[in-house]
Each structure stands twice: as structure tokens, then as C-alpha cells.
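Asks: I have a structure here, written as C-alpha cells, and I will follow up with some questions on it.
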Protein chains: 2
Amino acid sequence: MGATKTEHFTDKQNAIATLAKALGHPARIAIIEFLLKTDSCICGDIVNELPLAQPTVSQHLKELKNAGLIKGNIEGNAICYCIDEKAFNNLNKYFSNIIIKATNQKCC
Amino acid sequence: MGATKTEHFTDKQNAIATLAKALGHPARIAIIEFLLKTDSCICGDIVNELPLAQPTVSQHLKELKNAGLIKGNIEGNAICYCIDEKAFNNLNKYFSNIIIKATNQKCC
DNA sequence: AATATTTATCGTAATATTGCAATCTAAAAT
DNA sequence: ATTTTAGATTGCAATATTACGATAAATATT
């Protein structure tokens, strides 16, 4: 097999998993951190910053964008990528809730 | 290639990516949610709850455990798995910080 | 002791991901 | 109009992940 059986899980479970999966690679974490560091949301500079080839970075950016974690604005012939807070807020709410629920458990 | 170039990224970046990656599958999200739902941290019941075969579930549990997201306690011939709050707290802090930083940006 | 129960591991097939060279597209600059 | 620059897409090789049947290991029950 090798294919995730997404159809057996709820939409919400799949949605959270998709967000987490997109963040499940150090290059993509590095991209997010770079976007946070530079407050003018610089774009092609990501390629210079990361130890990866341009097509690889482009692919990682695409995955972050598909997951809704970043947005891309065309500016002339460059593209300006930046954090999309909404997705991070969703994740943060989800994890906060887990922590609250876990704290109320008396187990292990 | 196909192998992640972890050596090019910081330990912290790799650590966050590892946690996120472990949560990047709906079955593992479903396992976490099941553990939160049942406050007696029932174990083999996870296999009955999930639409996956026992070896598959066992493998997912192993990944969650390796990432430090759950703990496993032996109880007779059964094993009791439960949430490890620490890892979730780390993730939550990390995302809270991202949101704070992103909010202070005036970009896009 | 023999059997049942519970969970882990092995082996393997199917599929997905990672990474990059080569190439393409589109706007910018000359 | 040609060239340059920025970024995406294609194609492909290497590796990783997902899923499960078969089997093993370890404790529980009879």
C-alpha cells in the first residue's frame, strides 16, 4: 500500500494532520522562521538563506501554501510570501485544547 | 534523493519538525483524540476503534512514542498508552510565539 | 504445561516525499 | 526586441512512509 487511508478519518482529523504534515520538515520550519525574522516579507531571499536548490525551495513553498500556512503575493516579477496567521491560530487552539483535556486526566 | 537533509538545519528546527511530522497523519491524530476521550488510558481498544489493522496501529503508536507525544506503561500483558503533555506544551509555546511574531508584522 | 490474549516485529508491496538538473514562463531591464 | 531575473514545472533517482499478513514474544488463563 503506502497511501494514507484519509477516507476513514474525519475532515477535522485530516485537516489537522495536513497542517502538521506541512510543518513536518525542517526546511519548511526554517522557511517559516525566516519569514518571521524579516518583517519585509522578502521572497527569493529564502533560496539564498536555505541550503537547498531553488526548485526544492519552490516545492516546499508550494506545500506550505497548499496547506494554507503561507500566502504568496505577486510583486512585479518577484513573489512575496508571508505567514498566514489563521492556520497557526487553528493549530494553536487545537493544541491548547489537547493540553486542557490532558491535564484533567489522571492517567499514567 | 528522498532523504531529508536534517544536518543543514538547527536542532530546534529538526525537533519541531519531528513533532509536527509525527502528528502529520490522520490515524495518529485519531489516536491522540481517542486517548483524550477515554480517561482510563485504554490501550488495545485503539485497534478496535481505528479502521486499521493491528500491526499498522502498533506502528503508528511507536512513531508517536518515539516523538515523545505519548507514553506507554506495561500493565500485565496489556500496554497503557497516554498523552505526554510536555511535547504538546512545547508545540503550543512554539506556535504561540509564531502568532505573536506574525501579528507584529505589517506585511501582505 | 497448554492455550489464549496482547502487542511488537519482520518482510514486503504500493505509494509518497525529497532533492535537483534541466527547462519553461513571465515580468523587468537594457 | 533581446536579455536578464525570479520563480514554477517537469522528470527522475533515491529514500521514506503506509499498510498488512505472518509470525514472534511475553504475560494471563485454564
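A note on labels: chains of the C-alpha cells are A, B, ... as shown, every chain counts residues from 1, and ligands are counted from 1 in their shown order.
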Can you build me a table of chain D residues sitting at most 9 Å from chain B, with the closest atom pair per residue and its distance in Å to one decimal, using only C-alpha atoms (C1' of nucleotides), sorted by chain and residue number, as CSV?
Replies:
residue,atom,partner,partner_atom,distance
D:DA13,C1',B:Met1,CA,6.2
D:DA14,C1',B:Met1,CA,3.8
D:DT15,C1',B:Gly2,CA,4.2
D:DA16,C1',B:Gly2,CA,7.0
D:DT18,C1',B:Thr56,CA,8.1
D:DA19,C1',B:Thr56,CA,6.1
D:DC20,C1',B:Ala53,CA,6.7
D:DA26,C1',B:Asn77,CA,7.2
D:DT27,C1',B:Asn77,CA,4.7
D:DA28,C1',B:Asn77,CA,7.1
Asks: When you get a sec, could you note down which chain A residues fall within 7 Å of chain B, using only C-alpha atoms, as a ChimeraX atom specification?
Replies: /A:6,8-9,13-14,17-18,20-21,23-26,29-30,36,39-41,51,82-83,85,88,92,95-96,99,101-102,105,107-108
Asks: Would you return as a ChimeraX atom specification the members of region 47-92 of chain B that DSSP assigns to strand (DSSP E or B) on this structure's backbone?
Replies: /B:70-75,78-83
Asks: Once DSSP has gone over the backbone, tell me which residues of chain A are in helix (DSSP H, G or I), as number ranges by chain.
Replies: A: 6-8, 11-22, 26-37, 45-49, 54-66, 85-103
Asks: Please produce, as JSON lines, a per-residue contact table for chain C versus chain B (criterion: any atom at most 9 Å away, only C-alpha atoms (C1' of nucleotides) considered), showing the nearest atom pair and its distance in Å to one decimal, sorted by chain then residue number.
Replies:
{"residue": "C:DT5", "atom": "C1'", "partner": "B:Asn77", "partner_atom": "CA", "distance": 7.9}
{"residue": "C:DT6", "atom": "C1'", "partner": "B:Ala78", "partner_atom": "CA", "distance": 5.6}
{"residue": "C:DT7", "atom": "C1'", "partner": "B:Ala78", "partner_atom": "CA", "distance": 7.2}
{"residue": "C:DA8", "atom": "C1'", "partner": "B:Ser58", "partner_atom": "CA", "distance": 7.3}
{"residue": "C:DT9", "atom": "C1'", "partner": "B:Pro55", "partner_atom": "CA", "distance": 8.9}
{"residue": "C:DT17", "atom": "C1'", "partner": "B:Gly2", "partner_atom": "CA", "distance": 6.2}
{"residue": "C:DT18", "atom": "C1'", "partner": "B:Gly2", "partner_atom": "CA", "distance": 3.8}
{"residue": "C:DG19", "atom": "C1'", "partner": "B:Met1", "partner_atom": "CA", "distance": 5.3}
{"residue": "C:DC20", "atom": "C1'", "partner": "B:Met1", "partner_atom": "CA", "distance": 8.3}
Asks: What does the structure give for the distance between C1' of DT2 (chain D) and CA of Ile46 (chain A), in Å to one decimal?
Replies: 29.1 Å
Asks: Suppose you want the space between CA of Asp45 (chain B) and CA of Leu61 (chain B); what is it in Å?
Replies: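 That distance, rounded to one decimal, is 12.6 Å.
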